[in-house]
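What follows is a single structure, written as structure tokens, with notes after it.
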Amino acid sequence: MRILILADIHGNWPALRTIREPHDLCVFLGDLVDYALNPGPCVDWVRQYCQIAVRGNHDHAAAQRAQTNGRSGFKYLSGLTRQITWEKLNREQLRFLGTLPTMRWATLDHRRFLFVHATPTDPLDEYVYDDPEAWARRLERVEADVICVGHTHIPFVLPVGNKLVINPGSVGQPRDGDPRLSYAIWQDGRVEIKRLEYPVEEVIAEIQASSLPDLAKRLSIEAFRTGAGVLNGVDQNEPKISSSETNSPVAVVGAANDSARG
Ligand SMILES: [Fe+2]
């Protein structure tokens, strides 16, 4: 069985439509919206073609009409681009985001798969990278052979005991310094991370033509062109500081803390 594993599309239709990968099953691991400005075709595509899909923190926040008031980096861009997400999605598309499950299990290729955006212990928000000990703690009570996650925008394939954690990276906004789109293919027990160039200038033209403020345009274009994990711009006119799409009380200040904001 050949499984196409996608995550973190973030409204980037030029990236998504570039993927032409033969597959038997398509899985989406959350975050359809925010950052890039063409979420409608992305939502419709996932609805039509992905047999398994879960909710990301951005999908959750957009569907819940939650404001994000980040002062810098990706949080800042998230808050501003969400306004455009809301303008561009109809009620049915937003409802679809809100009805996605936070976790899905499936038996495929004689293995038990778990699909979740962040981690099994915190399905929407927790950031765990390719750290075997951190994953071992979170997988102690998880009865699955293969755990597929997104959220960090950084791809990895990590054996943890007799389990395997797969993060396909981000289709729409890679943050590992490589701006090419990223996804994974599962084929009969083997996993391959693939990277592809896509027409990023289409995304940038849309940003340039948008109502976003100049700082947001500059940071956004930097992120798409470089695959940067940290954006250093700070909006001096934005007094509010918020750390979480889901209104966590923990404050995040400074661009360094924004590096991992999925
Ligand atoms: Fe994300």
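Identifiers in this document derive from the order of the structure tokens: chains are assigned A, B, ..., residues are numbered from 1 separately in each chain, and ligands are numbered from 1 in order of occurrence.
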
Exercise. For A:His117, work out the shell of residues within 7 Å, counting only C-alpha atoms and skipping chain neighbours fewer than 5 positions away, then give it as a PyMOL selection string.
Key: chain A and resi 29-30+54-56+123-124+149-151

Give me the residues of chain A that have any atom at most 7 Å from an atom of ligand 1; for each, the nearest atom pair and the distance in Å, rounded to one decimal. Use only C-alpha atoms and all ligand atoms, sort by chain and number, and format it as a tab-separated table.
```
residue	atom	partner	partner_atom_place_in_ligand_line	distance
A:Asp8	CA	ligand 1	1 (Fe)	4.5
A:His10	CA	ligand 1	1 (Fe)	6.7
A:Asp31	CA	ligand 1	1 (Fe)	5.1
A:His58	CA	ligand 1	1 (Fe)	6.9
A:His151	CA	ligand 1	1 (Fe)	4.6
A:Thr152	CA	ligand 1	1 (Fe)	6.6
A:His153	CA	ligand 1	1 (Fe)	6.3
A:Gly262	CA	ligand 1	1 (Fe)	3.5
```

Counting only C-alpha atoms, what are the residues of stretch 74-155 of chain A within 12 Å of stretch 184-192 of chain A, and for each of them which pair of atoms is the nearest and at what distance in Å, to one decimal? Sort the table by chain and rising number, as a Markdown table.
```
| residue | atom | partner | partner_atom | distance |
| --- | --- | --- | --- | --- |
| A:Leu108 | CA | A:Asp188 | CA | 9.6 |
| A:Asp109 | CA | A:Asp188 | CA | 6.8 |
| A:His110 | CA | A:Gly189 | CA | 9.7 |
| A:Arg111 | CA | A:Gly189 | CA | 9.0 |
| A:Arg112 | CA | A:Gly189 | CA | 11.9 |
| A:Phe113 | CA | A:Trp186 | CA | 11.6 |
| A:Asp145 | CA | A:Gly189 | CA | 10.8 |
| A:Val146 | CA | A:Gly189 | CA | 9.8 |
| A:Cys148 | CA | A:Ala184 | CA | 9.9 |
| A:Val149 | CA | A:Ala184 | CA | 11.1 |
| A:Gly150 | CA | A:Ala184 | CA | 11.0 |
| A:Ile154 | CA | A:Ala184 | CA | 11.7 |
| A:Pro155 | CA | A:Ala184 | CA | 8.5 |
```

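Candidate residues A:Leu196, A:Val33, A:Ile52, A:Val116 were compared for distance to A:Ile19, and the nearest is A:Leu196, using only C-alpha atoms.
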
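Going from atom CA of A:Lys194 over to atom CA of A:Arg180, you cover 9.4 Å.
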
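With only C-alpha atoms as the basis for measurement, A:Glu206 is the residue among A:Glu143, A:Glu21, A:Asp122, A:Glu206 that approaches A:Ile221 most closely.
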
Exercise. Mind listing the helix (DSSP H, G or I) residues of stretch 25-227 of chain A, per DSSP on the backbone, as JSON, numbers by chain?
Key: {"A": [39, 40, 41, 42, 43, 44, 45, 46, 47, 48, 49, 57, 58, 59, 60, 61, 62, 63, 73, 74, 75, 76, 77, 78, 79, 80, 81, 82, 83, 84, 85, 86, 87, 88, 91, 92, 93, 94, 95, 96, 97, 98, 99, 132, 133, 134, 135, 136, 137, 138, 139, 200, 201, 202, 203, 204, 205, 206, 207, 208, 214, 215, 216, 217, 218, 219, 220, 221, 222, 223, 224, 225, 226]}

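The protein and nucleic acid residues lying at most 6 Å from A:Gly227 are Pro174, Arg175, Gly177, Asp178, Pro179, Ala223 and Phe224 of chain A, with only C-alpha atoms considered and sequence neighbours fewer than 3 positions away removed.
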
Closest of A:Gly40, A:Cys50, A:Pro120, A:Val165 to A:Leu4, counting only C-alpha atoms, is A:Cys50

Excluding A:Pro168 and residues on its chain fewer than 6 positions from it, collect all residues at most 7 Å away from it, counting only C-alpha atoms, and give them as a PyMOL selection string.
chain A and resi 5-7+150+155-156+182-184+193

The residue from A:Ala15, A:Leu80, A:Leu139, A:Ala62 with the smallest atom-to-atom distance to A:Arg95, counting only C-alpha atoms, is A:Ala62
